[in-house]
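Some notes on the structure that comes next.
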Amino acid sequence: MKKRLLSVLLIGAMALSLVACGGNNSSSSSSSDGNEAAAGDEKKVESNGKKVGVAMPTQSSERWIKDGDNMKKQLEALGYEVDLQYAEDDIPTQQSQLETMIAQGVNCLVVAAIDSGALVNVLDQAKQANIPVIAYDRLLMDTDAVSYYASFDNEGVGRKIGEYIETKADLANASEPQTIEFFMGSPDDNNAVLLHKGVMSVLQKYLDDGKLVCKSGRTSFEDTCILRWSQETAQQNCENYLTGFYADEDLDIACSAFDGFAYGIKAALEGAGYTADNWPLITGQDAEVMAVKNIVEGKQTQTIFKDTSLLAEKCVTMVQAVLEGSEPEINDTETYDNNKLVVPSYLCEPVSLDKDNYKELVIDSGYYTEDDINSAN
Ligand code: BGC
């Protein structure tokens with residue numbers, strides 16, 4: 001009985017604070033469901049249904065679509081209302097989507113940033129409005145407005161790519177040098193920096209002792225990063241490397257940080273006349289359905305499988321923690337310093353996938369069907 005009274009009081013207090021937030025900003029609210037804003041507030045109070053704003057970077061890559069779908073499904077299953085938005089890799093769009101969510105009085109924000117350092121002002125607005133923020137997969141930099149971070153072990157992703165190359169190319173025992181080029185992630189994404197660090201923790205020694213030869217000379221993160229993870233730029237870079245440095249000798253290894261890059265590299269290699277006889281080892285990240293198909297067909301060698309439903313599950317426990325006062329599972333309190341604080345994190349385990357284990361990892365687990373893979377294009 002007492003508990004009941006307490007929750008009625010709490011709901012009343014929440015309703016007042018929602019009205020206060022809405023009152024401050026309502027004139028600038030312009031969400032897609034804006035015409036339901038007033039009714040929406042009533043609904044929140046009636047059902048005690050809290051609203052979570054989920055800001056995703058782009059639908060141009062399959063993984064983020066899966067991430068968004070999983071988050072929405074899992075949050076809705078717990079009774080939360082969800083406003084899921086994609087910004088198509090346009091920073092001002094993501095900023096204004098977040099402003100709109102704040103103006104609508106969402107109760108929590110989950111953000112996978114396009115540019116990890118470009119949201120400082122808008123996240124400050126969230127903080128002023130007492131809206132907790134959770135960083136999804138990409139760390140939010142230079143802000144103290146973030147409560148938790150759910151991701152994968154990003155340096156581990158790079159290490160697994162490096163180890164795969166080390167084993168597959170048998171670098172420890174190889175007597176002939178092998179050529180390699182690097183295609184690294186976006187400079188505004190902290191994950192990309194860590195991935196490069198992980199790759200080099202394994203491969204640097206082979207570059208130093210000459211077992212790996214990078215003919216373009218581009219091995220540093222600054223020289224190999226690709227803004228906004230652009231497939232087109234990866235293809236262009238690969239074409240430039242092939243014409244500039246590999247006229248007389250084949251490229252043996254393309255160390256790519258993303259499945260999208262692997263598609264661009266594949267197109268560049270086909271354009272340059274590479275065939276099954278001299279096709280290089282190509283790595284990737286995300287285990288997109290197209291990448292798995294390419295792996296089955298021998299056009300990509302490996303990728304990193306990151307189970308997005310597991311990531312969503314961990315992130316949802318963080319949402320519950322900030323909204324219901326529960327304890328989320330955290331397994332890292334040291335690594336993710338965003339220049340303002342070390343963000344308490346849960347890091348899921350990335351897994352290397354190739355032709356030998358794809359069935360077990362993505363088919364037997366039900367992540368994809370054989371038909372998804374066969375019909376990918
Ligand atoms: C993610 C990767 C993804 C990349 C490009 C990174 O932040 O961690 O999984 O491949 O963005 O979308």
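Ordering of the structure tokens sets the chain letters (A, B, ...), residue numbers begin anew at 1 in every chain, and ligands are numbered from 1 in the order given.
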task: Write out as a VMD selection string all residues of range 227-334 of chain A that backbone DSSP assigns to helix (DSSP H, G or I).
output: chain A and resid 227 to 229 231 to 245 259 to 271 289 to 296 308 to 324
C-alpha atoms of the current selection, written as a CSV table (one decimal), in the first residue's frame:
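The resulting file, out29.csv, is reproduced below:
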chain,number,residue,atom,x,y,z
A,227,LEU,CA,36.9,9.7,-42.9
A,228,ARG,CA,33.4,8.6,-42.1
A,229,TRP,CA,34.3,5.0,-42.8
A,231,GLN,CA,33.7,2.6,-48.9
A,232,GLU,CA,34.3,4.9,-51.9
A,233,THR,CA,37.5,6.3,-50.3
A,234,ALA,CA,38.7,2.8,-49.4
A,235,GLN,CA,38.2,1.8,-53.1
A,236,GLN,CA,40.0,5.0,-54.3
A,237,ASN,CA,42.9,4.5,-51.9
A,238,CYS,CA,43.2,0.8,-53.0
A,239,GLU,CA,43.1,1.8,-56.7
A,240,ASN,CA,45.9,4.4,-56.0
A,241,TYR,CA,48.0,1.9,-54.1
A,242,LEU,CA,47.6,-0.8,-56.9
A,243,THR,CA,48.6,1.6,-59.7
A,244,GLY,CA,51.2,3.5,-57.7
A,245,PHE,CA,53.0,0.6,-56.0
A,259,ASP,CA,33.4,-4.8,-44.2
A,260,GLY,CA,32.5,-1.7,-46.2
A,261,PHE,CA,36.2,-1.1,-47.0
A,262,ALA,CA,36.5,-4.7,-48.0
A,263,TYR,CA,33.8,-4.2,-50.7
A,264,GLY,CA,35.7,-1.2,-52.0
A,265,ILE,CA,39.0,-3.1,-52.0
A,266,LYS,CA,37.3,-6.0,-53.8
A,267,ALA,CA,36.0,-3.7,-56.5
A,268,ALA,CA,39.5,-2.1,-56.9
A,269,LEU,CA,41.2,-5.5,-57.2
A,270,GLU,CA,38.7,-6.7,-59.8
A,271,GLY,CA,39.3,-3.5,-61.7
A,289,VAL,CA,25.6,-10.4,-44.5
A,290,MET,CA,27.3,-9.3,-47.8
A,291,ALA,CA,30.7,-9.8,-46.2
A,292,VAL,CA,29.8,-13.4,-45.1
A,293,LYS,CA,28.7,-14.1,-48.6
A,294,ASN,CA,32.0,-12.7,-50.0
A,295,ILE,CA,33.8,-14.9,-47.4
A,296,VAL,CA,31.9,-18.0,-48.6
A,308,THR,CA,24.6,-6.5,-32.0
A,309,SER,CA,21.7,-8.1,-30.0
A,310,LEU,CA,24.1,-8.8,-27.2
A,311,LEU,CA,25.3,-5.2,-27.3
A,312,ALA,CA,21.7,-3.9,-27.3
A,313,GLU,CA,21.0,-6.2,-24.3
A,314,LYS,CA,23.9,-4.7,-22.3
A,315,CYS,CA,22.9,-1.2,-23.3
A,316,VAL,CA,19.4,-1.7,-22.2
A,317,THR,CA,20.5,-2.7,-18.7
A,318,MET,CA,22.3,0.7,-18.6
A,319,VAL,CA,19.1,2.5,-19.7
A,320,GLN,CA,17.2,0.7,-16.9
A,321,ALA,CA,20.0,1.6,-14.4
A,322,VAL,CA,19.7,5.3,-15.1
A,323,LEU,CA,15.9,5.3,-15.2
A,324,GLU,CA,15.0,2.8,-12.5
message: as a PyMOL selection string, please: every residue in range 83-197 of chain A that a backbone DSSP assignment puts in strand (DSSP E).
response: chain A and resi 83-86+108-111+133-136+146-152+178-183
Next, dump the selected residues to file, keeping only N, CA and C atoms, as an mmCIF file, in the first residue's frame.
data_model
loop_
_atom_site.group_PDB
_atom_site.id
_atom_site.type_symbol
_atom_site.label_atom_id
_atom_site.label_comp_id
_atom_site.auth_asym_id
_atom_site.auth_seq_id
_atom_site.Cartn_x
_atom_site.Cartn_y
_atom_site.Cartn_z
ATOM 1 N N ASP A 83 12.154 6.594 -29.540
ATOM 2 C CA ASP A 83 12.271 7.457 -30.722
ATOM 3 C C ASP A 83 13.631 7.134 -31.353
ATOM 4 N N LEU A 84 13.596 6.338 -32.432
ATOM 5 C CA LEU A 84 14.838 5.904 -33.086
ATOM 6 C C LEU A 84 15.091 6.787 -34.310
ATOM 7 N N GLN A 85 16.270 7.411 -34.367
ATOM 8 C CA GLN A 85 16.584 8.313 -35.485
ATOM 9 C C GLN A 85 17.944 7.968 -36.082
ATOM 10 N N TYR A 86 18.025 8.060 -37.393
ATOM 11 C CA TYR A 86 19.302 7.893 -38.108
ATOM 12 C C TYR A 86 19.666 9.228 -38.747
ATOM 13 N N CYS A 108 15.764 9.462 -21.472
ATOM 14 C CA CYS A 108 17.144 8.966 -21.555
ATOM 15 C C CYS A 108 17.567 9.030 -23.028
ATOM 16 N N LEU A 109 18.848 9.282 -23.265
ATOM 17 C CA LEU A 109 19.371 9.284 -24.634
ATOM 18 C C LEU A 109 20.410 8.180 -24.792
ATOM 19 N N VAL A 110 20.309 7.463 -25.903
ATOM 20 C CA VAL A 110 21.324 6.472 -26.267
ATOM 21 C C VAL A 110 21.917 6.962 -27.579
ATOM 22 N N VAL A 111 23.241 7.176 -27.608
ATOM 23 C CA VAL A 111 23.826 7.845 -28.772
ATOM 24 C C VAL A 111 25.000 7.070 -29.361
ATOM 25 N N VAL A 133 22.623 10.172 -20.405
ATOM 26 C CA VAL A 133 23.097 9.825 -21.747
ATOM 27 C C VAL A 133 23.945 8.562 -21.673
ATOM 28 N N ILE A 134 23.699 7.651 -22.598
ATOM 29 C CA ILE A 134 24.520 6.435 -22.694
ATOM 30 C C ILE A 134 25.174 6.401 -24.069
ATOM 31 N N ALA A 135 26.477 6.175 -24.082
ATOM 32 C CA ALA A 135 27.206 6.102 -25.356
ATOM 33 C C ALA A 135 27.087 4.685 -25.902
ATOM 34 N N TYR A 136 26.625 4.587 -27.135
ATOM 35 C CA TYR A 136 26.397 3.279 -27.763
ATOM 36 C C TYR A 136 27.485 2.994 -28.788
ATOM 37 N N VAL A 146 27.994 11.983 -20.011
ATOM 38 C CA VAL A 146 27.724 10.581 -20.340
ATOM 39 C C VAL A 146 27.848 9.696 -19.089
ATOM 40 N N SER A 147 26.851 8.818 -18.898
ATOM 41 C CA SER A 147 26.843 7.982 -17.683
ATOM 42 C C SER A 147 27.541 6.644 -17.890
ATOM 43 N N TYR A 148 27.242 5.984 -19.018
ATOM 44 C CA TYR A 148 27.794 4.653 -19.275
ATOM 45 C C TYR A 148 28.129 4.503 -20.754
ATOM 46 N N TYR A 149 28.906 3.464 -21.027
ATOM 47 C CA TYR A 149 29.315 3.167 -22.407
ATOM 48 C C TYR A 149 29.188 1.667 -22.657
ATOM 49 N N ALA A 150 28.441 1.291 -23.693
ATOM 50 C CA ALA A 150 28.332 -0.127 -24.082
ATOM 51 C C ALA A 150 29.007 -0.298 -25.429
ATOM 52 N N SER A 151 29.955 -1.213 -25.520
ATOM 53 C CA SER A 151 30.672 -1.386 -26.786
ATOM 54 C C SER A 151 31.281 -2.789 -26.845
ATOM 55 N N PHE A 152 32.179 -2.955 -27.792
ATOM 56 C CA PHE A 152 33.006 -4.157 -27.868
ATOM 57 C C PHE A 152 34.407 -3.756 -27.444
ATOM 58 N N GLN A 178 55.916 -10.515 -47.368
ATOM 59 C CA GLN A 178 54.590 -10.380 -47.983
ATOM 60 C C GLN A 178 54.166 -8.918 -47.945
ATOM 61 N N THR A 179 53.481 -8.497 -48.995
ATOM 62 C CA THR A 179 53.087 -7.086 -49.076
ATOM 63 C C THR A 179 51.749 -6.857 -48.381
ATOM 64 N N ILE A 180 51.604 -5.675 -47.818
ATOM 65 C CA ILE A 180 50.378 -5.356 -47.055
ATOM 66 C C ILE A 180 50.040 -3.878 -47.205
ATOM 67 N N GLU A 181 48.747 -3.551 -47.244
ATOM 68 C CA GLU A 181 48.294 -2.154 -47.167
ATOM 69 C C GLU A 181 47.200 -2.070 -46.105
ATOM 70 N N PHE A 182 47.081 -0.881 -45.509
ATOM 71 C CA PHE A 182 46.167 -0.701 -44.376
ATOM 72 C C PHE A 182 45.028 0.255 -44.736
ATOM 73 N N PHE A 183 43.834 -0.088 -44.288
ATOM 74 C CA PHE A 183 42.628 0.725 -44.514
ATOM 75 C C PHE A 183 41.950 0.853 -43.152
#
task: Counting only C-alpha atoms and all ligand atoms, name the residues that have an atom within 9 Å of an atom of ligand 1; the answer should be given as a PyMOL selection string.
output: chain A and resi 57-58+60-64+112-114+137-139+151-152+154+157+185-186+189-192+195+228-230+257-260+284-286+304-306
Spatial neighbours of Val52 in chain A, 7 Å, only C-alpha atoms, chain gap at least 2 places, as a list in words: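 Once the nearby chain positions are removed, what remains is Lys50, Val54, Tyr80, Glu81, Val82, Asp83, Val106, Asn107, Cys108 and Leu109 of chain A.
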- request: Using only C-alpha atoms, determine which residues lie at most 8 Å from Gly198 in chain A, disregarding the query and same-chain residues fewer than 4 positions distant; provide the list as a list in words.
  value: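 So, after excluding close chain neighbours, the residues are Asn154, Glu155, Gly156, Val157, Gly158, Arg159, Lys160, Gly162, Leu194 and Val202 of chain A.
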query: Of the candidates A:Ser375, A:Ser96, A:Gln302, A:Asn278, which one gets nearest to Val351 in chain A if we count only C-alpha atoms?
result: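 Between A:Ser375, A:Ser96, A:Gln302, A:Asn278, the residue approaching Val351 in chain A most closely is A:Gln302.
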I'd like the contact shell of Trp279 in chain A - 12 Å cut-off, only C-alpha atoms, skipping same-chain residues fewer than 4 positions apart - returned as a compact mmCIF listing (two decimals) with N, CA and C atoms, in the first residue's frame.
# COMPACT_ATOMS: atom_id res chain seq x y z
N ASP A 250 52.34 -8.33 -56.68
CA ASP A 250 50.96 -8.36 -56.18
C ASP A 250 50.86 -7.85 -54.75
N LEU A 251 49.67 -7.31 -54.46
CA LEU A 251 49.34 -7.02 -53.06
C LEU A 251 48.91 -8.35 -52.43
N ASP A 252 49.53 -8.71 -51.31
CA ASP A 252 49.21 -10.00 -50.66
C ASP A 252 48.15 -9.87 -49.57
N ILE A 253 48.17 -8.71 -48.87
CA ILE A 253 47.27 -8.58 -47.71
C ILE A 253 46.66 -7.18 -47.68
N ALA A 254 45.32 -7.11 -47.57
CA ALA A 254 44.65 -5.83 -47.34
C ALA A 254 44.11 -5.87 -45.92
N ILE A 265 37.68 -2.48 -51.64
CA ILE A 265 38.96 -3.10 -52.00
C ILE A 265 38.71 -4.18 -53.06
N LYS A 266 37.65 -4.96 -52.85
CA LYS A 266 37.30 -6.03 -53.81
C LYS A 266 37.07 -5.42 -55.20
N ALA A 267 36.32 -4.30 -55.23
CA ALA A 267 36.04 -3.66 -56.53
C ALA A 267 37.34 -3.18 -57.17
N ALA A 268 38.23 -2.60 -56.36
CA ALA A 268 39.51 -2.11 -56.90
C ALA A 268 40.35 -3.27 -57.45
N LEU A 269 40.36 -4.38 -56.73
CA LEU A 269 41.15 -5.54 -57.17
C LEU A 269 40.59 -6.12 -58.47
N GLU A 270 39.27 -6.21 -58.53
CA GLU A 270 38.66 -6.73 -59.77
C GLU A 270 39.01 -5.83 -60.94
N ALA A 272 41.60 -4.08 -61.27
CA ALA A 272 43.02 -4.20 -61.61
C ALA A 272 43.36 -5.60 -62.15
N GLY A 273 42.34 -6.46 -62.29
CA GLY A 273 42.55 -7.77 -62.91
C GLY A 273 42.99 -8.88 -61.97
N TYR A 274 42.86 -8.68 -60.69
CA TYR A 274 43.19 -9.78 -59.75
C TYR A 274 42.16 -10.91 -59.92
N THR A 275 42.62 -12.15 -59.77
CA THR A 275 41.72 -13.31 -59.89
C THR A 275 41.95 -14.20 -58.67
N GLU A 297 32.37 -17.04 -50.78
CA GLU A 297 32.80 -17.08 -52.19
C GLU A 297 34.29 -16.80 -52.39
N GLY A 298 35.01 -16.59 -51.30
CA GLY A 298 36.46 -16.41 -51.40
C GLY A 298 36.90 -15.00 -51.81
N LYS A 299 35.99 -14.01 -51.73
CA LYS A 299 36.35 -12.64 -52.13
C LYS A 299 36.74 -11.77 -50.94
N GLN A 300 36.48 -12.27 -49.76
CA GLN A 300 36.96 -11.64 -48.52
C GLN A 300 37.42 -12.81 -47.65
N THR A 301 38.39 -12.58 -46.79
CA THR A 301 38.93 -13.74 -46.08
C THR A 301 38.36 -13.86 -44.67
field: CA of Ile373 in chain A to CA of Asp307 in chain A, distance in Å rounded to a single decimal
entry: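 CA of Asp307 in chain A lies 16.5 Å from CA of Ile373 in chain A.
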- request: Choose the residue, out of A:Ala103, A:Ile161, A:Ala55, A:Val120, that has the smallest atom-to-atom separation from Asn339 in chain A; count only C-alpha atoms.
  value: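 The answer is A:Val120, which sits nearest to Asn339 in chain A.
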query: Nearest to Asp153 in chain A among A:Gly49, A:Gly366, A:Pro92, A:Pro350, with distances taken over only C-alpha atoms: which residue is it?
result: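 Among the listed residues, the smallest separation from Asp153 in chain A belongs to A:Pro350.
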Separation of CA of Met184 in chain A from CA of Ser256 in chain A, in Å and rounded to one decimal: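 One can read the CA of Met184 in chain A to CA of Ser256 in chain A distance as 6.3 Å.
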field: Selected residue, from A:Val342, A:Ala87, A:Leu171, A:Ile363, that lies nearest to Thr143 in chain A when counting only C-alpha atoms
entry: A:Val342
